[in-house]
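Q: Okay, here's the structure, questions in a sec.
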Amino acid sequence: MMTKTTTDTISADDVVEYLKSHPDFLQKHPDACDHLLPPKDNSQGRGVADFQHYMVQRLKKDKDSVIETTRDLIEVSRLNMNSVNRIHEATLKLLEARSFPQFIQAITMDIAAILDVDAAVLVVEGDNVSAATLNAAGVRVVPQGTIEQWMQGNEAMLQSDIHGSDAVFGAAARLVRSQAVLRVDISQMTPPAILAFGSRDPEMFRDGQGVELVTYLSRVVERCFRLWLDLPA
């Protein structure tokens with residue numbers, strides 16, 4: 001063990017002796033390799049480590065890791081920007097409606113095309129009379145208490161690898177393999193409602209995804225309903 005004073009000079013032999021006594025030094029301090037000038041080859045004899053090869057391999061691994069991480073970030077950013085643009089376009093389509101039937105059509109048809117989903121449905125609770133009226137306008141109606149049973153206290157649910165419900169998607173249910181279901185609180189004077197998006201892609205909507213954008217869209221739908229029906233919040 002070295003016991004030199006601060007005035008002594010550490011020799012190469014001291015370093016070699018220390019490394020022999022601590023063979024795991026580079027494993028514990030890999031960054032030390034960044035400050036070494038390794039031999040160009042291992043022709044100096046058996047047992048001489050090729051540090052240059054080690055450093056090149058390490059740099060290559062680091063480079064590959066950075067490239068892969070950058071590629072993932074770019075892809076995520078691209079997908080997020082695409083989603084934002086779609087939500088903005090859907091919002092404008094809702095605001096462009098010049099009549100209540102056009103507004104309903106924007107929800108049930110136009111938004112589906114903009115968001116690239118197979119079905120977009122507004123489901124409300126009501127009796128048989130309102131069901132006959134609203135279904136004609138493209139809105140599904142379910143018995144009272146159904147929506148709360150579905151949502152189980154959640155404001156939004158994303159589900160993957162499912163089979164669409166006839167009660168929600170009607171004839172389009174056979175296409176739906178994943179769905180986003182969002183509560184729509186139109187007014188205290190209106191029954192519970194949900195906005196449902198269905199896709200044939202089993203993984204388009206899945207638990208754990210962010211719901212900020214689709215929740216924003218449901219808030220826009222709520223406000224548009226209040227304006228068309230002249231309802232308080």
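Going by the structure tokens order, chains are called A, B, ..., each with residues numbered from 1, while ligands are numbered from 1 in the order shown.
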Extract the full set of strand (DSSP E or B) residues from region 80-123 of chain A according to DSSP on the backbone, and format it as a CSV table (one decimal) with all heavy atoms, in the first residue's frame.

A:
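Output saved as selection_5.csv:
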```
chain,number,residue,atom,x,y,z
A,119,ALA,N,-65.4,5.3,-35.3
A,119,ALA,CA,-66.7,5.7,-34.8
A,119,ALA,C,-66.5,6.8,-33.7
A,119,ALA,O,-65.6,6.7,-32.9
A,119,ALA,CB,-67.4,4.5,-34.2
A,120,ALA,N,-67.4,7.8,-33.8
A,120,ALA,CA,-67.5,8.8,-32.8
A,120,ALA,C,-69.0,9.0,-32.4
A,120,ALA,O,-69.8,9.2,-33.3
A,120,ALA,CB,-66.9,10.1,-33.3
A,121,VAL,N,-69.3,8.8,-31.2
A,121,VAL,CA,-70.7,8.7,-30.8
A,121,VAL,C,-70.9,9.5,-29.5
A,121,VAL,O,-70.1,9.6,-28.6
A,121,VAL,CB,-71.1,7.2,-30.5
A,121,VAL,CG1,-72.5,7.1,-30.1
A,121,VAL,CG2,-70.8,6.3,-31.7
A,122,LEU,N,-72.1,10.2,-29.5
A,122,LEU,CA,-72.5,10.9,-28.3
A,122,LEU,C,-73.6,10.0,-27.7
A,122,LEU,O,-74.6,9.7,-28.4
A,122,LEU,CB,-73.0,12.3,-28.6
A,122,LEU,CG,-73.5,13.1,-27.3
A,122,LEU,CD1,-72.3,13.5,-26.5
A,122,LEU,CD2,-74.3,14.3,-27.7
A,123,VAL,N,-73.5,9.6,-26.4
A,123,VAL,CA,-74.5,8.8,-25.8
A,123,VAL,C,-75.0,9.5,-24.6
A,123,VAL,O,-74.3,10.0,-23.8
A,123,VAL,CB,-73.8,7.4,-25.3
A,123,VAL,CG1,-74.9,6.5,-24.7
A,123,VAL,CG2,-73.1,6.7,-26.4
```

Q: Set the distance at 12 Å and use only C-alpha atoms: which residues neighbour Gln102 (chain A) once local chain neighbours fewer than 3 positions away are removed? I'd like the list as a list in words.

A: Lys93, Leu94, Leu95, Glu96, Ala97, Arg98, Ser99, Gln105, Ala106, Ile107, Thr108, Met109, Asp110, Ile111, Ala137, Gly138, Cys224 and Trp228 of chain A

Q: So which residues touch Leu229 (chain A) within 12 Å, counting only C-alpha atoms, skipping near sequence neighbours fewer than 2 positions away, as an MDAnalysis selection string?

A: chainID A and resid 99:101 103 186:187 189:190 222:227 231:233

Q: Using C-alpha atoms, can you write the selected residues to a file as a tab-separated table (two decimals), in the first residue's frame?

A:
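Output file part16.tsv is given in full below:
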```tsv
chain	number	residue	atom	x	y	z
A	99	SER	CA	-77.27	24.62	-37.10
A	100	PHE	CA	-77.80	22.12	-34.32
A	101	PRO	CA	-78.10	19.17	-36.77
A	103	PHE	CA	-73.25	20.34	-34.88
A	186	ILE	CA	-73.45	19.60	-20.57
A	187	SER	CA	-75.54	21.19	-17.83
A	189	MET	CA	-80.46	20.59	-16.51
A	190	THR	CA	-79.46	17.78	-18.91
A	222	GLU	CA	-70.01	20.70	-23.62
A	223	ARG	CA	-69.75	24.42	-24.26
A	224	CYS	CA	-71.09	24.17	-27.77
A	225	PHE	CA	-74.11	22.25	-26.50
A	226	ARG	CA	-74.83	24.97	-23.94
A	227	LEU	CA	-74.70	27.63	-26.64
A	231	LEU	CA	-78.37	26.20	-21.18
A	232	PRO	CA	-76.48	27.27	-18.05
A	233	ALA	CA	-73.36	25.40	-16.97
```

Q: Counting only C-alpha atoms, what is within 10 Å of Arg219 (chain A), bar same-chain residues fewer than 6 positions away, as a PyMOL selection string?

A: chain A and resi 182-186+213+225

Q: Now that the selection is made, can you save its residues with all heavy atoms as a PDB file, in the first residue's frame?

A:
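Output below, filename part.pdb:
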```
ATOM      1  N   LEU A 182     -65.414   9.472 -22.772  1.00  0.00           N
ATOM      2  CA  LEU A 182     -65.238  10.712 -22.027  1.00  0.00           C
ATOM      3  C   LEU A 182     -66.576  11.211 -21.514  1.00  0.00           C
ATOM      4  O   LEU A 182     -67.557  11.297 -22.263  1.00  0.00           O
ATOM      5  CB  LEU A 182     -64.608  11.785 -22.924  1.00  0.00           C
ATOM      6  CG  LEU A 182     -63.385  11.333 -23.729  1.00  0.00           C
ATOM      7  CD1 LEU A 182     -63.127  12.269 -24.875  1.00  0.00           C
ATOM      8  CD2 LEU A 182     -62.177  11.242 -22.829  1.00  0.00           C
ATOM      9  N   ARG A 183     -66.608  11.555 -20.255  1.00  0.00           N
ATOM     10  CA  ARG A 183     -67.837  12.103 -19.691  1.00  0.00           C
ATOM     11  C   ARG A 183     -68.072  13.507 -20.250  1.00  0.00           C
ATOM     12  O   ARG A 183     -67.134  14.312 -20.358  1.00  0.00           O
ATOM     13  CB  ARG A 183     -67.745  12.153 -18.164  1.00  0.00           C
ATOM     14  CG  ARG A 183     -69.069  12.464 -17.477  1.00  0.00           C
ATOM     15  CD  ARG A 183     -68.863  12.633 -15.983  1.00  0.00           C
ATOM     16  NE  ARG A 183     -68.414  11.408 -15.357  1.00  0.00           N
ATOM     17  CZ  ARG A 183     -69.235  10.453 -14.907  1.00  0.00           C
ATOM     18  NH1 ARG A 183     -70.545  10.591 -15.061  1.00  0.00           N
ATOM     19  NH2 ARG A 183     -68.763   9.376 -14.320  1.00  0.00           N
ATOM     20  N   VAL A 184     -69.327  13.809 -20.600  1.00  0.00           N
ATOM     21  CA  VAL A 184     -69.693  15.130 -21.117  1.00  0.00           C
ATOM     22  C   VAL A 184     -70.735  15.730 -20.171  1.00  0.00           C
ATOM     23  O   VAL A 184     -71.887  15.289 -20.151  1.00  0.00           O
ATOM     24  CB  VAL A 184     -70.255  15.033 -22.556  1.00  0.00           C
ATOM     25  CG1 VAL A 184     -70.679  16.416 -23.050  1.00  0.00           C
ATOM     26  CG2 VAL A 184     -69.217  14.441 -23.489  1.00  0.00           C
ATOM     27  N   ASP A 185     -70.328  16.728 -19.389  1.00  0.00           N
ATOM     28  CA  ASP A 185     -71.227  17.396 -18.444  1.00  0.00           C
ATOM     29  C   ASP A 185     -71.791  18.649 -19.113  1.00  0.00           C
ATOM     30  O   ASP A 185     -71.230  19.751 -18.987  1.00  0.00           O
ATOM     31  CB  ASP A 185     -70.479  17.755 -17.162  1.00  0.00           C
ATOM     32  CG  ASP A 185     -70.026  16.520 -16.400  1.00  0.00           C
ATOM     33  OD1 ASP A 185     -70.794  15.543 -16.366  1.00  0.00           O
ATOM     34  OD2 ASP A 185     -68.903  16.517 -15.871  1.00  0.00           O
ATOM     35  N   ILE A 186     -72.895  18.492 -19.803  1.00  0.00           N
ATOM     36  CA  ILE A 186     -73.451  19.601 -20.567  1.00  0.00           C
ATOM     37  C   ILE A 186     -74.024  20.662 -19.635  1.00  0.00           C
ATOM     38  O   ILE A 186     -73.674  21.837 -19.714  1.00  0.00           O
ATOM     39  CB  ILE A 186     -74.529  19.101 -21.538  1.00  0.00           C
ATOM     40  CG1 ILE A 186     -73.914  18.110 -22.532  1.00  0.00           C
ATOM     41  CG2 ILE A 186     -75.181  20.271 -22.278  1.00  0.00           C
ATOM     42  CD1 ILE A 186     -74.928  17.414 -23.428  1.00  0.00           C
ATOM     43  N   LEU A 213     -55.772  15.866 -24.375  1.00  0.00           N
ATOM     44  CA  LEU A 213     -56.287  16.385 -25.641  1.00  0.00           C
ATOM     45  C   LEU A 213     -57.742  15.988 -25.873  1.00  0.00           C
ATOM     46  O   LEU A 213     -58.575  16.827 -26.250  1.00  0.00           O
ATOM     47  CB  LEU A 213     -55.415  15.896 -26.797  1.00  0.00           C
ATOM     48  CG  LEU A 213     -54.012  16.507 -26.871  1.00  0.00           C
ATOM     49  CD1 LEU A 213     -53.208  15.851 -27.987  1.00  0.00           C
ATOM     50  CD2 LEU A 213     -54.095  18.009 -27.097  1.00  0.00           C
ATOM     51  N   PHE A 225     -72.744  22.678 -26.823  1.00  0.00           N
ATOM     52  CA  PHE A 225     -74.108  22.246 -26.495  1.00  0.00           C
ATOM     53  C   PHE A 225     -74.840  23.335 -25.723  1.00  0.00           C
ATOM     54  O   PHE A 225     -76.016  23.634 -26.000  1.00  0.00           O
ATOM     55  CB  PHE A 225     -74.073  20.959 -25.666  1.00  0.00           C
ATOM     56  CG  PHE A 225     -74.398  19.728 -26.458  1.00  0.00           C
ATOM     57  CD1 PHE A 225     -73.430  18.783 -26.722  1.00  0.00           C
ATOM     58  CD2 PHE A 225     -75.679  19.498 -26.927  1.00  0.00           C
ATOM     59  CE1 PHE A 225     -73.712  17.634 -27.448  1.00  0.00           C
ATOM     60  CE2 PHE A 225     -75.990  18.356 -27.649  1.00  0.00           C
ATOM     61  CZ  PHE A 225     -74.998  17.421 -27.918  1.00  0.00           C
TER      62      PHE A 225
END
```

Q: Would you compute the distance between CA of Ala193 (chain A) and CA of Val139 (chain A)? Give it in Å to one decimal.

A: 10.2 Å
